[in-house]
There are 2 protein chains.
Amino acid sequence: MSAIDDVLAANQTYAQGFNLGQLPMPPARKLAVIACMDARLTVSQLLGLKTGEAHIIRNAGGIVTEDALRSLIISHHLLGTNEIMIINHTDCGMLTFKDDELRKKLQTQTGTAAVAPVRFHAFTNLEANVREQIQKVRSHPWIPKHLPVRGFIYDVKSGKLAEVSA
Amino acid sequence: MSAIDDVLAANQTYAQGFNLGQLPMPPARKLAVIACMDARLTVSQLLGLKTGEAHIIRNAGGIVTEDALRSLIISHHLLGTNEIMIINHTDCGMLTFKDDELRKKLQTQTGTAAVAPVRFHAFTNLEANVREQIQKVRSHPWIPKHLPVRGFIYDVKSGKLAEVSA
């Protein structure tokens, strides 16, 4: 049995007890979160968020890529979120490699030089990386300057969030 | 009190009961999920996933963008996931606008023509959109052809997932 078949069976159970069919589209807490895809972050749980309360955007690293900016712009302008939270975390896989090394390895393994992704966004300093992501949000012309944009590091050993001063 | 201050208070409670500090970095179920950022999808719950079990990648629409491919490539090649699940959903905000309209509105509101994002990835047909995302994953030269890539529509009224035939 595949992992996908397993989660489909779990979804049948979830749907049997489902009573959230009337939630509106806009997030109730007007919050947008950008976080790493890491399996050890269950974002809703570590932030105490219920279904319907926040947009959650996730990618490798919790990076403010063009795609994350796309999602944030839609989140704010079409669905009314007005606070932005960026979450990176300790022991991140993005600290374990270099973009160039991974690109060479993939080209060698597959015999193909892919056009995209242009960058993998590996990084070496967690705090500096969070600050860089905050600045990318703040400097985008379509994100209003008055929106709070705050960055955090989640400690996968303790479950605690620590704010990074911008 | 801001939404961010609220979730930080909730995180303190979460950390007090935290006992998952020894989880390894690679996802236990070797599963990578791409889903929409929509607040009505609590991905871990609707799939019955526990902390540590799967990579969860999310953006506006559940679109296989360059950034989602970046995350998937890292997920598979560095962290060993070997099944990919794409989840779009009913009543998606991406069905409610057109890329060009939003771009014009933002340019008018802000007085600035941003370079990025190049596309917003609004769509009109949910099933066709899921099929397109499956194909984008399957056609990438750095995603091995033998990996299962399956696409689904989550019904926000019923809590049920339905598979889209590729």
# chains A, B, ... in the order shown; residues from 1 in each chain; ligands from 1

call {"tool": "select_by_dssp", "arguments": {"residues": "chain A", "states": "helix (DSSP H, G or I)", "output": "number ranges by chain"}}
result
A: 3-16, 43-46, 66-79, 93-95, 99-110, 126-138

call {"tool": "residues_around", "arguments": {"residues": "Ile56 (chain B)", "least_positions_apart": "4", "cutoff": "8 Å", "atoms": "only C-alpha atoms", "output": "count of residues only"}}
result
10

call {"tool": "select_by_dssp", "arguments": {"residues": "region 85-136 of chain B", "states": "strand (DSSP E or B)", "output": "PyMOL selection string"}}
result
chain B and resi 85-89

call {"tool": "write_last_selection", "arguments": {"atoms": "N, CA and C atoms", "output": "short mmCIF file (atom, residue, chain, number, x, y, z; two decimals), in the first residue's frame"}}
result
data_model
loop_
_atom_site.label_atom_id
_atom_site.label_comp_id
_atom_site.auth_asym_id
_atom_site.auth_seq_id
_atom_site.Cartn_x
_atom_site.Cartn_y
_atom_site.Cartn_z
N MET B 85 1.84 14.12 -4.31
CA MET B 85 0.39 14.29 -4.30
C MET B 85 0.09 15.76 -4.52
N ILE B 86 -0.77 16.07 -5.48
CA ILE B 86 -1.14 17.46 -5.78
C ILE B 86 -2.61 17.66 -5.39
N ILE B 87 -2.88 18.70 -4.59
CA ILE B 87 -4.25 18.93 -4.11
C ILE B 87 -4.71 20.34 -4.46
N ASN B 88 -5.70 20.43 -5.35
CA ASN B 88 -6.46 21.66 -5.59
C ASN B 88 -7.79 21.49 -4.87
N HIS B 89 -8.65 22.52 -4.89
CA HIS B 89 -9.90 22.39 -4.13
C HIS B 89 -11.04 23.20 -4.73
#

call {"tool": "residues_around", "arguments": {"residues": "Asp99 (chain A)", "least_positions_apart": "6", "cutoff": "9 Å", "atoms": "only C-alpha atoms", "output": "PyMOL selection string"}}
result
chain A and resi 119-123

call {"tool": "residues_around", "arguments": {"residues": "region 136-143 of chain B", "least_positions_apart": "4", "cutoff": "7 Å", "atoms": "only C-alpha atoms", "output": "VMD selection string"}}
result
(chain A and resid 106 110 112 114) or (chain B and resid 64 73 132)

call {"tool": "write_last_selection", "arguments": {"atoms": "N, CA and C atoms", "output": "PDB file, in the first residue's frame"}}
result
ATOM      1  N   LEU A 106      22.666  16.674  -9.926  1.00  0.00           N
ATOM      2  CA  LEU A 106      21.456  16.353 -10.682  1.00  0.00           C
ATOM      3  C   LEU A 106      21.752  16.236 -12.175  1.00  0.00           C
ATOM      4  N   THR A 110      21.137  12.639 -13.989  1.00  0.00           N
ATOM      5  CA  THR A 110      20.060  12.545 -14.980  1.00  0.00           C
ATOM      6  C   THR A 110      20.566  12.744 -16.404  1.00  0.00           C
ATOM      7  N   THR A 112      20.863  15.517 -17.739  1.00  0.00           N
ATOM      8  CA  THR A 112      20.100  16.624 -18.320  1.00  0.00           C
ATOM      9  C   THR A 112      20.327  17.898 -17.526  1.00  0.00           C
ATOM     10  N   ALA A 114      18.587  21.018 -16.561  1.00  0.00           N
ATOM     11  CA  ALA A 114      17.258  21.638 -16.574  1.00  0.00           C
ATOM     12  C   ALA A 114      17.385  23.157 -16.595  1.00  0.00           C
TER      13      ALA A 114
ATOM     14  N   VAL B  64       2.072  23.888  -9.679  1.00  0.00           N
ATOM     15  CA  VAL B  64       3.444  23.397  -9.820  1.00  0.00           C
ATOM     16  C   VAL B  64       4.263  24.476 -10.540  1.00  0.00           C
ATOM     17  N   ILE B  73      12.197  18.771  -5.955  1.00  0.00           N
ATOM     18  CA  ILE B  73      13.508  18.197  -6.307  1.00  0.00           C
ATOM     19  C   ILE B  73      14.346  18.024  -5.035  1.00  0.00           C
ATOM     20  N   GLU B 132      -2.900  19.627 -15.541  1.00  0.00           N
ATOM     21  CA  GLU B 132      -1.745  20.424 -16.000  1.00  0.00           C
ATOM     22  C   GLU B 132      -0.614  20.377 -14.971  1.00  0.00           C
TER      23      GLU B 132
END

call {"tool": "atom_distance", "arguments": {"atom1": "CA of Tyr14 (chain B)", "atom2": "CA of Ser165 (chain A)"}}
result
22.4 Å

call {"tool": "residues_around", "arguments": {"residues": "Arg29 (chain A)", "least_positions_apart": "4", "cutoff": "12 Å", "atoms": "only C-alpha atoms", "output": "list in words"}}
result
Pro24, Met25, Val33, Leu47, Gly48, Leu49, Lys50, Thr51, Gly52, Glu53, Ala54, His55, Ile56, Leu79, Gly80, Thr81, Asn82, Glu83 and Ile84 of chain A; Met1, Ser2, Ala3, Ile4, Asp5, Asp6, Val7 and Ala39 of chain B

call {"tool": "atom_distance", "arguments": {"atom1": "CA of Gln109 (chain A)", "atom2": "CA of Thr96 (chain A)"}}
result
19.1 Å

call {"tool": "atom_distance", "arguments": {"atom1": "CA of Phe97 (chain A)", "atom2": "CA of Val118 (chain B)"}}
result
28.6 Å

call {"tool": "closest_residue", "arguments": {"among": "A:Leu95, A:Val156, A:Val115, A:Ala166", "to": "chain B", "atoms": "only C-alpha atoms"}}
result
A:Val156

call {"tool": "closest_residue", "arguments": {"among": "A:Ala68, A:Val149, A:Cys36, A:Val164", "to": "Glu127 (chain A)", "atoms": "only C-alpha atoms"}}
result
A:Val164

call {"tool": "residues_around", "arguments": {"residues": "Gly17 (chain A)", "least_positions_apart": "4", "cutoff": "10 Å", "atoms": "only C-alpha atoms", "output": "list in words"}}
result
Gln12 and Thr13 of chain A; Ser158 and Gly159 of chain B

call {"tool": "closest_residue", "arguments": {"among": "B:Ile134, B:Ala162, B:Cys92, B:Leu8", "to": "Gly61 (chain B)", "atoms": "only C-alpha atoms"}}
result
B:Cys92

call {"tool": "decode", "arguments": {"residues": "region 33-143 of chain B", "atoms": "C-alpha atoms", "output": "short mmCIF file (atom, residue, chain, number, x, y, z; two decimals), in the first residue's frame"}}
result
data_model
loop_
_atom_site.label_atom_id
_atom_site.label_comp_id
_atom_site.auth_asym_id
_atom_site.auth_seq_id
_atom_site.Cartn_x
_atom_site.Cartn_y
_atom_site.Cartn_z
CA VAL B 33 2.25 17.06 -0.95
CA ILE B 34 1.61 20.20 -3.01
CA ALA B 35 -1.58 21.97 -1.94
CA CYS B 36 -3.28 25.35 -2.09
CA MET B 37 -2.58 27.86 0.71
CA ASP B 38 -6.35 28.18 1.33
CA ALA B 39 -7.24 28.59 5.01
CA ARG B 40 -9.94 25.91 4.75
CA LEU B 41 -7.37 23.19 4.04
CA THR B 42 -5.60 21.95 7.15
CA VAL B 43 -3.49 19.57 5.12
CA SER B 44 -2.12 17.48 7.98
CA GLN B 45 -5.63 16.87 9.33
CA LEU B 46 -7.40 16.12 6.07
CA LEU B 47 -4.70 13.56 5.20
CA GLY B 48 -4.29 12.14 8.70
CA LEU B 49 -0.61 13.12 8.77
CA LYS B 50 1.36 13.39 11.96
CA THR B 51 4.31 15.72 12.55
CA GLY B 52 7.40 14.32 10.81
CA GLU B 53 5.60 12.31 8.15
CA ALA B 54 5.46 14.40 4.95
CA HIS B 55 6.77 17.47 3.18
CA ILE B 56 3.98 19.95 2.61
CA ILE B 57 4.44 22.55 -0.12
CA ARG B 58 1.72 25.18 -0.45
CA ASN B 59 1.03 28.21 -2.62
CA ALA B 60 -1.90 30.09 -4.12
CA GLY B 61 -3.79 27.46 -6.12
CA GLY B 62 -1.60 24.44 -5.45
CA ILE B 63 0.31 25.22 -8.65
CA VAL B 64 3.44 23.40 -9.82
CA THR B 65 5.47 26.56 -10.26
CA GLU B 66 9.24 26.69 -10.67
CA ASP B 67 9.40 27.14 -6.90
CA ALA B 68 7.25 24.08 -6.22
CA LEU B 69 9.51 22.07 -8.55
CA ARG B 70 12.54 23.40 -6.63
CA SER B 71 10.97 22.14 -3.40
CA LEU B 72 10.01 18.77 -4.92
CA ILE B 73 13.51 18.20 -6.31
CA ILE B 74 15.05 18.93 -2.90
CA SER B 75 12.40 16.76 -1.23
CA HIS B 76 13.11 13.74 -3.43
CA HIS B 77 16.84 13.98 -4.08
CA LEU B 78 18.02 15.18 -0.66
CA LEU B 79 15.34 13.88 1.69
CA GLY B 80 14.09 10.71 0.05
CA THR B 81 10.40 11.30 -0.65
CA ASN B 82 9.14 9.06 -3.44
CA GLU B 83 5.44 9.82 -3.90
CA ILE B 84 3.94 13.15 -4.95
CA MET B 85 0.39 14.29 -4.30
CA ILE B 86 -1.14 17.46 -5.78
CA ILE B 87 -4.25 18.93 -4.11
CA ASN B 88 -6.46 21.66 -5.59
CA HIS B 89 -9.90 22.39 -4.13
CA THR B 90 -13.43 23.54 -4.85
CA ASP B 91 -14.33 27.23 -4.38
CA CYS B 92 -10.68 28.22 -4.96
CA GLY B 93 -9.90 31.94 -5.07
CA MET B 94 -7.89 31.30 -8.24
CA LEU B 95 -11.18 30.66 -10.06
CA THR B 96 -12.46 34.16 -9.23
CA PHE B 97 -10.16 36.46 -11.24
CA LYS B 98 -8.06 36.79 -14.37
CA ASP B 99 -4.30 37.39 -14.30
CA ASP B 100 -4.51 40.50 -16.50
CA GLU B 101 -7.29 42.10 -14.44
CA LEU B 102 -5.38 41.65 -11.18
CA ARG B 103 -2.17 42.98 -12.71
CA LYS B 104 -3.93 46.11 -14.00
CA LYS B 105 -5.67 46.65 -10.66
CA LEU B 106 -2.37 46.41 -8.74
CA GLN B 107 -0.58 48.72 -11.14
CA THR B 108 -3.36 51.28 -10.82
CA GLN B 109 -3.61 51.00 -7.01
CA THR B 110 0.11 51.21 -6.37
CA GLY B 111 1.24 53.26 -9.35
CA THR B 112 4.00 50.68 -9.91
CA ALA B 113 4.49 47.96 -12.52
CA ALA B 114 6.27 45.15 -10.65
CA VAL B 115 8.66 42.89 -12.59
CA ALA B 116 7.56 39.80 -10.65
CA PRO B 117 5.42 37.80 -10.31
CA VAL B 118 5.23 37.25 -14.05
CA ARG B 119 2.04 35.18 -13.70
CA PHE B 120 -0.64 34.78 -11.02
CA HIS B 121 -1.78 31.35 -12.33
CA ALA B 122 -5.51 32.01 -12.09
CA PHE B 123 -7.47 29.24 -13.80
CA THR B 124 -10.99 28.46 -14.98
CA ASN B 125 -11.27 24.65 -14.98
CA LEU B 126 -10.34 22.86 -11.79
CA GLU B 127 -9.87 19.34 -13.23
CA ALA B 128 -7.89 20.63 -16.20
CA ASN B 129 -5.74 22.64 -13.82
CA VAL B 130 -4.93 19.57 -11.73
CA ARG B 131 -4.02 17.61 -14.87
CA GLU B 132 -1.74 20.42 -16.00
CA GLN B 133 0.07 20.40 -12.65
CA ILE B 134 0.57 16.62 -12.79
CA GLN B 135 2.08 16.99 -16.25
CA LYS B 136 4.45 19.74 -15.11
CA VAL B 137 5.85 17.42 -12.43
CA ARG B 138 6.04 14.41 -14.74
CA SER B 139 7.81 16.29 -17.49
CA HIS B 140 10.58 17.76 -15.35
CA PRO B 141 13.91 16.08 -16.21
CA TRP B 142 15.00 15.99 -12.57
CA ILE B 143 11.89 14.15 -11.31
#
